[in-house]
Amino acid sequence: MVRNLKNILLFAILLSTFPLFSDPIPKSGFQVKGGIWGLGGSFKSEMESKFQYDKITDGILETGWNTSNKIYALHPIGLDWYKPMGPGSLMLGADFNGFPGVGLTGHKPDNSYNSFFATGIGINNTKLTFTNQDFKVGYLFVFDKLFITPQFLIRRFASDMTYSGYYFGTSTGADGGSIQSTNYSGFLGVNSFYKWTDSGSFFLNLSVASPILGTILTEGKHNSYQALSGIVNFDSGKMNPEYTGQKIQLGYQHNWGDLGLQVGYSSETLNVKYKNVTGTPVFAGSNVAGINVFELLTDRFIYSSAHQTEIKSIFIALNYKFGQ
């Protein structure tokens with residue numbers, strides 16, 4: 001108890017060293033930010049519904065996914081730079097929800113679910129790492145208490161998922177595989193702050209897929225196997241993702257000089273479909289082997305249809321202005 005009081009007092013003393021009033025974002029210089037994501041949050045992958053439709057064609061019925069809720073530190077983390085130019089300020093920045101190639105970052109939900117087929121049941125799970133990075137250019141306008149920054153974003157989405165299942169009953173077996181994809185897409189956005197008091201502001205940030213410059217670069221691959229009822233299936237190929245959708249963040253920011261604290265809510269809906277789905281679905285069993293043309297056709301139909309990834313959470317973030 002005494003230790004907690006000392007920490008609170010130390011924090012209060014630290015805040016008292018900052019000037020009391022400040023704008024929510026700088027008109028010149030840098031602003032670094034980092035947050036904690038996942039408080040009361042949820043992550044629903046577009047692959048859940050795609051998998052359910054895909055398995056139906058194999059005579060397997062899957063239940064909904066039970067997705068683990070996790071807390072993510074330094075999520076998001078970013079840096080913005082402002083340069084006075086004309087009536088406002090040029091803004092260049094980057095926000096990271098997971099760093100490319102760093103396995104400890106990004107959304108990493110674990111999913112478990114059950115499946116049923118004519119002669120038994122299955123126990124299934126998936127492991128997913130989903131990251132996105134936003135590279136943005138914008139222009140800050142200030143109208144008295146209103147700060148508005150229209151911007152263009154290039155958003156990088158990367159998904160890496162592995163899955164497996166074990167089946168029991170009259171027929172026993174297993175399946176598994178992986179899907180990896182990367183996509184760069186253009187989005188349009190606007191960040192806005194309304195300075196309610198000298199130290200407090202409300203913010204609203206919006207971004208939507210650009211109707212002009214959409215998919216810029218896309219690539220992906222998949223592979224899978226299934227051994228069930230005496231038949232072994234293998235498949236591998238390519239599938240290129242396309243992302244559209246929107247993201248909204250709203251909340252309150254309080255400033256102690258150059259230090260700001262945000263508490264807000266984030267909701268993102270991404271419509272994901274795959275183009276140029278290719279594969280070589282082969283099967284083999286007792287006295288039988290060949291190419292599963294039906295699997296190839298149904299995969300193209302299911303994965304080329306748009307399904308939604310939904311990412312929602314309360315978040316807490318700190319930002320700090322410097323170099324002004």
# chains A, B, ... in the order shown; residues from 1 in each chain; ligands from 1

call {"tool": "select_by_dssp", "arguments": {"residues": "segment 24-209 of chain A", "states": "strand (DSSP E)", "output": "JSON, numbers by chain"}}
result
{"A": [29, 30, 31, 32, 33, 34, 35, 36, 37, 38, 39, 40, 41, 42, 43, 44, 61, 62, 66, 67, 72, 73, 74, 75, 76, 77, 78, 79, 80, 81, 82, 83, 84, 85, 88, 89, 90, 91, 92, 93, 94, 95, 96, 97, 110, 111, 112, 113, 114, 115, 116, 117, 120, 121, 122, 123, 124, 125, 126, 127, 128, 129, 130, 131, 132, 133, 134, 135, 136, 137, 138, 139, 140, 141, 142, 143, 146, 147, 148, 149, 150, 151, 152, 153, 154, 155, 156, 157, 158, 159, 160, 161, 162, 163, 164, 165, 166, 167, 168, 169, 173, 174, 175, 176, 177, 178, 179, 180, 181, 182, 183, 184, 185, 186, 187, 188, 189, 190, 191, 192, 193, 194, 195, 200, 201, 202, 203, 204, 205, 206, 207, 208, 209]}

call {"tool": "residues_around", "arguments": {"residues": "Phe203 of chain A", "least_positions_apart": "5", "cutoff": "7 Å", "atoms": "only C-alpha atoms", "output": "PDB file with N, CA and C atoms, in the first residue's frame"}}
result
ATOM      1  N   SER A 192      -8.994  14.015 -36.569  1.00  0.00           N
ATOM      2  CA  SER A 192      -9.526  15.287 -36.085  1.00  0.00           C
ATOM      3  C   SER A 192      -9.508  15.335 -34.562  1.00  0.00           C
ATOM      4  N   PHE A 193      -9.194  16.500 -34.036  1.00  0.00           N
ATOM      5  CA  PHE A 193      -9.221  16.782 -32.606  1.00  0.00           C
ATOM      6  C   PHE A 193     -10.053  18.039 -32.378  1.00  0.00           C
ATOM      7  N   TYR A 194     -10.883  18.009 -31.361  1.00  0.00           N
ATOM      8  CA  TYR A 194     -11.585  19.217 -30.928  1.00  0.00           C
ATOM      9  C   TYR A 194     -11.091  19.553 -29.526  1.00  0.00           C
ATOM     10  N   LEU A 250     -12.243   6.680 -31.746  1.00  0.00           N
ATOM     11  CA  LEU A 250     -12.750   7.878 -31.083  1.00  0.00           C
ATOM     12  C   LEU A 250     -12.441   7.795 -29.595  1.00  0.00           C
ATOM     13  N   GLY A 251     -12.311   8.970 -28.968  1.00  0.00           N
ATOM     14  CA  GLY A 251     -12.007   8.973 -27.548  1.00  0.00           C
ATOM     15  C   GLY A 251     -11.627  10.351 -27.045  1.00  0.00           C
ATOM     16  N   TYR A 252     -10.909  10.343 -25.936  1.00  0.00           N
ATOM     17  CA  TYR A 252     -10.530  11.582 -25.238  1.00  0.00           C
ATOM     18  C   TYR A 252      -9.021  11.577 -25.012  1.00  0.00           C
TER      19      TYR A 252
END

call {"tool": "closest_atom_pairs", "arguments": {"of": "segment 112-189 of chain A", "to": "segment 274-293 of chain A", "cutoff": "12 Å", "atoms": "only C-alpha atoms", "output": "Markdown table"}}
result
| residue | atom | partner | partner_atom | distance |
| --- | --- | --- | --- | --- |
| A:Ile179 | CA | A:Tyr274 | CA | 11.8 |
| A:Gln180 | CA | A:Tyr274 | CA | 12.0 |
| A:Ser181 | CA | A:Tyr274 | CA | 9.9 |
| A:Thr182 | CA | A:Tyr274 | CA | 11.3 |
| A:Asn183 | CA | A:Tyr274 | CA | 10.7 |

call {"tool": "closest_residue", "arguments": {"among": "A:Ala158, A:Leu146, A:Ile123, A:Ile248", "to": "Phe202 of chain A", "atoms": "only C-alpha atoms"}}
result
A:Leu146

call {"tool": "residues_around", "arguments": {"residues": "segment 308-314 of chain A", "least_positions_apart": "4", "cutoff": "9 Å", "atoms": "only C-alpha atoms", "output": "PDB file with all heavy atoms, in the first residue's frame"}}
result
ATOM      1  N   ILE A  36      -1.596   0.407 -25.452  1.00  0.00           N
ATOM      2  CA  ILE A  36      -1.970  -0.932 -25.000  1.00  0.00           C
ATOM      3  C   ILE A  36      -3.329  -1.242 -25.611  1.00  0.00           C
ATOM      4  O   ILE A  36      -4.278  -0.479 -25.455  1.00  0.00           O
ATOM      5  CB  ILE A  36      -2.045  -1.018 -23.467  1.00  0.00           C
ATOM      6  CG1 ILE A  36      -0.673  -0.741 -22.860  1.00  0.00           C
ATOM      7  CG2 ILE A  36      -2.555  -2.389 -23.023  1.00  0.00           C
ATOM      8  CD1 ILE A  36      -0.674  -0.708 -21.347  1.00  0.00           C
ATOM      9  N   TRP A  37      -3.410  -2.352 -26.336  1.00  0.00           N
ATOM     10  CA  TRP A  37      -4.615  -2.718 -27.065  1.00  0.00           C
ATOM     11  C   TRP A  37      -5.142  -4.046 -26.535  1.00  0.00           C
ATOM     12  O   TRP A  37      -4.381  -4.914 -26.117  1.00  0.00           O
ATOM     13  CB  TRP A  37      -4.287  -2.861 -28.546  1.00  0.00           C
ATOM     14  CG  TRP A  37      -5.470  -2.933 -29.471  1.00  0.00           C
ATOM     15  CD1 TRP A  37      -6.006  -1.923 -30.210  1.00  0.00           C
ATOM     16  CD2 TRP A  37      -6.260  -4.085 -29.758  1.00  0.00           C
ATOM     17  NE1 TRP A  37      -7.079  -2.377 -30.932  1.00  0.00           N
ATOM     18  CE2 TRP A  37      -7.260  -3.707 -30.678  1.00  0.00           C
ATOM     19  CE3 TRP A  37      -6.233  -5.409 -29.332  1.00  0.00           C
ATOM     20  CZ2 TRP A  37      -8.212  -4.580 -31.177  1.00  0.00           C
ATOM     21  CZ3 TRP A  37      -7.183  -6.292 -29.810  1.00  0.00           C
ATOM     22  CH2 TRP A  37      -8.158  -5.873 -30.724  1.00  0.00           C
ATOM     23  N   GLY A  38      -6.457  -4.225 -26.560  1.00  0.00           N
ATOM     24  CA  GLY A  38      -7.031  -5.524 -26.207  1.00  0.00           C
ATOM     25  C   GLY A  38      -7.954  -5.489 -25.014  1.00  0.00           C
ATOM     26  O   GLY A  38      -8.491  -6.529 -24.614  1.00  0.00           O
ATOM     27  N   LEU A  39      -8.160  -4.316 -24.402  1.00  0.00           N
ATOM     28  CA  LEU A  39      -9.022  -4.218 -23.226  1.00  0.00           C
ATOM     29  C   LEU A  39     -10.478  -4.381 -23.661  1.00  0.00           C
ATOM     30  O   LEU A  39     -11.025  -3.528 -24.342  1.00  0.00           O
ATOM     31  CB  LEU A  39      -8.819  -2.868 -22.531  1.00  0.00           C
ATOM     32  CG  LEU A  39      -7.372  -2.558 -22.107  1.00  0.00           C
ATOM     33  CD1 LEU A  39      -7.256  -1.121 -21.649  1.00  0.00           C
ATOM     34  CD2 LEU A  39      -6.946  -3.504 -21.006  1.00  0.00           C
ATOM     35  N   GLY A  40     -11.086  -5.491 -23.283  1.00  0.00           N
ATOM     36  CA  GLY A  40     -12.449  -5.760 -23.710  1.00  0.00           C
ATOM     37  C   GLY A  40     -12.554  -5.922 -25.208  1.00  0.00           C
ATOM     38  O   GLY A  40     -13.607  -5.629 -25.797  1.00  0.00           O
ATOM     39  N   GLY A  41     -11.479  -6.373 -25.853  1.00  0.00           N
ATOM     40  CA  GLY A  41     -11.434  -6.420 -27.303  1.00  0.00           C
ATOM     41  C   GLY A  41     -11.845  -7.759 -27.882  1.00  0.00           C
ATOM     42  O   GLY A  41     -12.059  -8.745 -27.171  1.00  0.00           O
ATOM     43  N   SER A  42     -11.943  -7.787 -29.208  1.00  0.00           N
ATOM     44  CA  SER A  42     -12.267  -9.013 -29.923  1.00  0.00           C
ATOM     45  C   SER A  42     -11.595  -8.993 -31.287  1.00  0.00           C
ATOM     46  O   SER A  42     -11.357  -7.929 -31.864  1.00  0.00           O
ATOM     47  CB  SER A  42     -13.786  -9.169 -30.086  1.00  0.00           C
ATOM     48  OG  SER A  42     -14.324  -8.114 -30.860  1.00  0.00           O
ATOM     49  N   PHE A  43     -11.281 -10.177 -31.770  1.00  0.00           N
ATOM     50  CA  PHE A  43     -10.679 -10.334 -33.092  1.00  0.00           C
ATOM     51  C   PHE A  43     -11.392 -11.496 -33.782  1.00  0.00           C
ATOM     52  O   PHE A  43     -11.335 -12.630 -33.314  1.00  0.00           O
ATOM     53  CB  PHE A  43      -9.181 -10.621 -32.989  1.00  0.00           C
ATOM     54  CG  PHE A  43      -8.466 -10.649 -34.315  1.00  0.00           C
ATOM     55  CD1 PHE A  43      -7.664  -9.594 -34.699  1.00  0.00           C
ATOM     56  CD2 PHE A  43      -8.598 -11.732 -35.178  1.00  0.00           C
ATOM     57  CE1 PHE A  43      -7.006  -9.609 -35.927  1.00  0.00           C
ATOM     58  CE2 PHE A  43      -7.960 -11.762 -36.407  1.00  0.00           C
ATOM     59  CZ  PHE A  43      -7.157 -10.691 -36.779  1.00  0.00           C
ATOM     60  N   LYS A  44     -12.060 -11.203 -34.879  1.00  0.00           N
ATOM     61  CA  LYS A  44     -12.754 -12.236 -35.657  1.00  0.00           C
ATOM     62  C   LYS A  44     -12.146 -12.284 -37.044  1.00  0.00           C
ATOM     63  O   LYS A  44     -12.155 -11.299 -37.780  1.00  0.00           O
ATOM     64  CB  LYS A  44     -14.254 -11.935 -35.749  1.00  0.00           C
ATOM     65  CG  LYS A  44     -15.053 -12.979 -36.537  1.00  0.00           C
ATOM     66  CD  LYS A  44     -16.514 -12.593 -36.635  1.00  0.00           C
ATOM     67  CE  LYS A  44     -17.319 -13.658 -37.388  1.00  0.00           C
ATOM     68  NZ  LYS A  44     -16.864 -13.810 -38.783  1.00  0.00           N
ATOM     69  N   SER A  45     -11.595 -13.441 -37.411  1.00  0.00           N
ATOM     70  CA  SER A  45     -10.910 -13.587 -38.693  1.00  0.00           C
ATOM     71  C   SER A  45     -11.884 -13.939 -39.809  1.00  0.00           C
ATOM     72  O   SER A  45     -12.827 -14.714 -39.624  1.00  0.00           O
ATOM     73  CB  SER A  45      -9.844 -14.681 -38.591  1.00  0.00           C
ATOM     74  OG  SER A  45      -9.304 -14.979 -39.868  1.00  0.00           O
ATOM     75  N   GLU A  46     -11.619 -13.375 -40.996  1.00  0.00           N
ATOM     76  CA  GLU A  46     -12.422 -13.722 -42.165  1.00  0.00           C
ATOM     77  C   GLU A  46     -12.277 -15.192 -42.525  1.00  0.00           C
ATOM     78  O   GLU A  46     -13.138 -15.770 -43.218  1.00  0.00           O
ATOM     79  CB  GLU A  46     -12.010 -12.844 -43.359  1.00  0.00           C
ATOM     80  CG  GLU A  46     -10.508 -12.682 -43.572  1.00  0.00           C
ATOM     81  CD  GLU A  46      -9.919 -13.680 -44.547  1.00  0.00           C
ATOM     82  OE1 GLU A  46     -10.708 -14.294 -45.287  1.00  0.00           O
ATOM     83  OE2 GLU A  46      -8.697 -13.848 -44.574  1.00  0.00           O
ATOM     84  N   MET A  47     -11.217 -15.841 -42.050  1.00  0.00           N
ATOM     85  CA  MET A  47     -10.998 -17.244 -42.358  1.00  0.00           C
ATOM     86  C   MET A  47     -12.006 -18.159 -41.664  1.00  0.00           C
ATOM     87  O   MET A  47     -12.212 -19.294 -42.100  1.00  0.00           O
ATOM     88  CB  MET A  47      -9.574 -17.655 -41.970  1.00  0.00           C
ATOM     89  CG  MET A  47      -8.523 -17.234 -42.966  1.00  0.00           C
ATOM     90  SD  MET A  47      -8.766 -18.058 -44.558  1.00  0.00           S
ATOM     91  CE  MET A  47      -7.508 -17.252 -45.548  1.00  0.00           C
ATOM     92  N   SER A  49     -15.382 -17.999 -41.462  1.00  0.00           N
ATOM     93  CA  SER A  49     -16.493 -18.349 -42.347  1.00  0.00           C
ATOM     94  C   SER A  49     -16.013 -19.062 -43.611  1.00  0.00           C
ATOM     95  O   SER A  49     -16.686 -19.968 -44.120  1.00  0.00           O
ATOM     96  CB  SER A  49     -17.295 -17.100 -42.713  1.00  0.00           C
ATOM     97  OG  SER A  49     -16.458 -16.095 -43.253  1.00  0.00           O
ATOM     98  N   GLY A 245     -12.514  -1.797 -46.747  1.00  0.00           N
ATOM     99  CA  GLY A 245     -13.145  -1.662 -45.428  1.00  0.00           C
ATOM    100  C   GLY A 245     -12.913  -0.308 -44.820  1.00  0.00           C
ATOM    101  O   GLY A 245     -12.565   0.665 -45.517  1.00  0.00           O
ATOM    102  N   VAL A 263      -7.510   7.756 -24.155  1.00  0.00           N
ATOM    103  CA  VAL A 263      -8.360   6.610 -23.850  1.00  0.00           C
ATOM    104  C   VAL A 263      -9.442   6.595 -24.926  1.00  0.00           C
ATOM    105  O   VAL A 263     -10.154   7.590 -25.111  1.00  0.00           O
ATOM    106  CB  VAL A 263      -8.991   6.702 -22.459  1.00  0.00           C
ATOM    107  CG1 VAL A 263      -9.909   5.508 -22.211  1.00  0.00           C
ATOM    108  CG2 VAL A 263      -7.918   6.776 -21.387  1.00  0.00           C
ATOM    109  N   GLY A 264      -9.541   5.493 -25.653  1.00  0.00           N
ATOM    110  CA  GLY A 264     -10.474   5.491 -26.769  1.00  0.00           C
ATOM    111  C   GLY A 264     -10.953   4.105 -27.131  1.00  0.00           C
ATOM    112  O   GLY A 264     -10.611   3.098 -26.498  1.00  0.00           O
ATOM    113  N   TYR A 265     -11.754   4.075 -28.185  1.00  0.00           N
ATOM    114  CA  TYR A 265     -12.317   2.826 -28.710  1.00  0.00           C
ATOM    115  C   TYR A 265     -11.993   2.735 -30.190  1.00  0.00           C
ATOM    116  O   TYR A 265     -12.111   3.722 -30.933  1.00  0.00           O
ATOM    117  CB  TYR A 265     -13.834   2.796 -28.504  1.00  0.00           C
ATOM    118  CG  TYR A 265     -14.493   1.563 -29.075  1.00  0.00           C
ATOM    119  CD1 TYR A 265     -14.379   0.329 -28.446  1.00  0.00           C
ATOM    120  CD2 TYR A 265     -15.228   1.629 -30.260  1.00  0.00           C
ATOM    121  CE1 TYR A 265     -14.984  -0.808 -28.969  1.00  0.00           C
ATOM    122  CE2 TYR A 265     -15.841   0.498 -30.790  1.00  0.00           C
ATOM    123  CZ  TYR A 265     -15.711  -0.708 -30.133  1.00  0.00           C
ATOM    124  OH  TYR A 265     -16.308  -1.844 -30.656  1.00  0.00           O
ATOM    125  N   SER A 266     -11.559   1.552 -30.617  1.00  0.00           N
ATOM    126  CA  SER A 266     -11.189   1.327 -32.010  1.00  0.00           C
ATOM    127  C   SER A 266     -12.045   0.205 -32.592  1.00  0.00           C
ATOM    128  O   SER A 266     -12.227  -0.840 -31.956  1.00  0.00           O
ATOM    129  CB  SER A 266      -9.707   0.956 -32.112  1.00  0.00           C
ATOM    130  OG  SER A 266      -9.350   0.641 -33.446  1.00  0.00           O
ATOM    131  N   SER A 267     -12.565   0.429 -33.786  1.00  0.00           N
ATOM    132  CA  SER A 267     -13.353  -0.590 -34.477  1.00  0.00           C
ATOM    133  C   SER A 267     -12.931  -0.617 -35.944  1.00  0.00           C
ATOM    134  O   SER A 267     -12.978   0.407 -36.629  1.00  0.00           O
ATOM    135  CB  SER A 267     -14.850  -0.297 -34.358  1.00  0.00           C
ATOM    136  OG  SER A 267     -15.617  -1.242 -35.082  1.00  0.00           O
ATOM    137  N   GLU A 268     -12.522  -1.787 -36.414  1.00  0.00           N
ATOM    138  CA  GLU A 268     -12.054  -1.931 -37.783  1.00  0.00           C
ATOM    139  C   GLU A 268     -12.743  -3.129 -38.433  1.00  0.00           C
ATOM    140  O   GLU A 268     -12.806  -4.209 -37.860  1.00  0.00           O
ATOM    141  CB  GLU A 268     -10.540  -2.112 -37.812  1.00  0.00           C
ATOM    142  CG  GLU A 268      -9.950  -2.199 -39.204  1.00  0.00           C
ATOM    143  CD  GLU A 268      -8.437  -2.104 -39.211  1.00  0.00           C
ATOM    144  OE1 GLU A 268      -7.836  -2.218 -38.125  1.00  0.00           O
ATOM    145  OE2 GLU A 268      -7.863  -1.908 -40.295  1.00  0.00           O
ATOM    146  N   THR A 269     -13.259  -2.906 -39.635  1.00  0.00           N
ATOM    147  CA  THR A 269     -13.870  -3.973 -40.427  1.00  0.00           C
ATOM    148  C   THR A 269     -13.151  -4.049 -41.763  1.00  0.00           C
ATOM    149  O   THR A 269     -13.098  -3.058 -42.507  1.00  0.00           O
ATOM    150  CB  THR A 269     -15.369  -3.723 -40.651  1.00  0.00           C
ATOM    151  OG1 THR A 269     -16.039  -3.649 -39.389  1.00  0.00           O
ATOM    152  CG2 THR A 269     -15.977  -4.849 -41.468  1.00  0.00           C
ATOM    153  N   LEU A 270     -12.588  -5.207 -42.060  1.00  0.00           N
ATOM    154  CA  LEU A 270     -11.855  -5.418 -43.297  1.00  0.00           C
ATOM    155  C   LEU A 270     -12.555  -6.497 -44.118  1.00  0.00           C
ATOM    156  O   LEU A 270     -12.806  -7.598 -43.624  1.00  0.00           O
ATOM    157  CB  LEU A 270     -10.412  -5.853 -43.005  1.00  0.00           C
ATOM    158  CG  LEU A 270      -9.547  -4.850 -42.239  1.00  0.00           C
ATOM    159  CD1 LEU A 270      -8.252  -5.503 -41.790  1.00  0.00           C
ATOM    160  CD2 LEU A 270      -9.266  -3.625 -43.097  1.00  0.00           C
ATOM    161  N   ASN A 271     -12.894  -6.157 -45.346  1.00  0.00           N
ATOM    162  CA  ASN A 271     -13.489  -7.121 -46.269  1.00  0.00           C
ATOM    163  C   ASN A 271     -12.365  -7.749 -47.084  1.00  0.00           C
ATOM    164  O   ASN A 271     -11.648  -7.039 -47.807  1.00  0.00           O
ATOM    165  CB  ASN A 271     -14.498  -6.431 -47.190  1.00  0.00           C
ATOM    166  CG  ASN A 271     -15.578  -5.708 -46.405  1.00  0.00           C
ATOM    167  OD1 ASN A 271     -16.253  -6.304 -45.578  1.00  0.00           O
ATOM    168  ND2 ASN A 271     -15.720  -4.408 -46.647  1.00  0.00           N
ATOM    169  N   VAL A 272     -12.202  -9.053 -46.945  1.00  0.00           N
ATOM    170  CA  VAL A 272     -11.042  -9.731 -47.535  1.00  0.00           C
ATOM    171  C   VAL A 272     -11.517 -10.795 -48.527  1.00  0.00           C
ATOM    172  O   VAL A 272     -12.356 -11.638 -48.202  1.00  0.00           O
ATOM    173  CB  VAL A 272     -10.179 -10.403 -46.454  1.00  0.00           C
ATOM    174  CG1 VAL A 272      -8.870 -10.905 -47.066  1.00  0.00           C
ATOM    175  CG2 VAL A 272      -9.903  -9.446 -45.309  1.00  0.00           C
ATOM    176  N   LYS A 273     -10.984 -10.721 -49.732  1.00  0.00           N
ATOM    177  CA  LYS A 273     -11.215 -11.768 -50.721  1.00  0.00           C
ATOM    178  C   LYS A 273      -9.894 -12.053 -51.435  1.00  0.00           C
ATOM    179  O   LYS A 273      -8.934 -11.274 -51.340  1.00  0.00           O
ATOM    180  CB  LYS A 273     -12.295 -11.365 -51.718  1.00  0.00           C
ATOM    181  CG  LYS A 273     -11.983 -10.138 -52.556  1.00  0.00           C
ATOM    182  CD  LYS A 273     -13.139  -9.825 -53.489  1.00  0.00           C
ATOM    183  CE  LYS A 273     -12.853  -8.598 -54.349  1.00  0.00           C
ATOM    184  NZ  LYS A 273     -13.981  -8.286 -55.261  1.00  0.00           N
TER     185      LYS A 273
END

call {"tool": "residues_around", "arguments": {"residues": "segment 83-99 of chain A", "least_positions_apart": "4", "cutoff": "10 Å", "atoms": "only C-alpha atoms", "output": "JSON, numbers by chain"}}
result
{"A": [26, 27, 28, 29, 30, 31, 32, 33, 34, 35, 37, 72, 74, 75, 76, 77, 78, 79, 103, 104, 105, 106, 107, 108, 129, 130, 131, 132, 133, 134, 135, 136, 137, 138, 139, 140, 141, 142, 143, 148, 149, 150, 151, 152, 153, 154, 155, 156, 157, 158, 324]}

call {"tool": "closest_residue", "arguments": {"among": "A:Trp196, A:Tyr82, A:Phe168, A:Tyr320", "to": "Phe117 of chain A", "atoms": "only C-alpha atoms"}}
result
A:Phe168

call {"tool": "residues_around", "arguments": {"residues": "segment 61-67 of chain A", "least_positions_apart": "6", "cutoff": "6 Å", "atoms": "only C-alpha atoms", "output": "list in words"}}
result
Gln52, Asp110, Asn111, Ser112, Tyr113, Asn114, Ser115 and Phe116 of chain A

call {"tool": "atom_distance", "arguments": {"atom1": "atom CA of Asn125 of chain A", "atom2": "atom CA of Glu242 of chain A"}}
result
24.9 Å

call {"tool": "atom_distance", "arguments": {"atom1": "atom CA of Lys50 of chain A", "atom2": "atom CA of Arg300 of chain A"}}
result
11.1 Å

call {"tool": "closest_residue", "arguments": {"among": "A:Glu48, A:Asp23, A:Trp256, A:Thr197", "to": "Thr126 of chain A", "atoms": "only C-alpha atoms"}}
result
A:Glu48

call {"tool": "residues_around", "arguments": {"residues": "Thr119 of chain A", "least_positions_apart": "6", "cutoff": "10 Å", "atoms": "only C-alpha atoms", "output": "PyMOL selection string"}}
result
chain A and resi 167-172+229

call {"tool": "atom_distance", "arguments": {"atom1": "atom CA of Ile71 of chain A", "atom2": "atom CA of Ala317 of chain A"}}
result
13.2 Å

call {"tool": "closest_residue", "arguments": {"among": "A:Lys145, A:Glu295, A:Ile231, A:Gln246", "to": "Asp58 of chain A", "atoms": "only C-alpha atoms"}}
result
A:Glu295
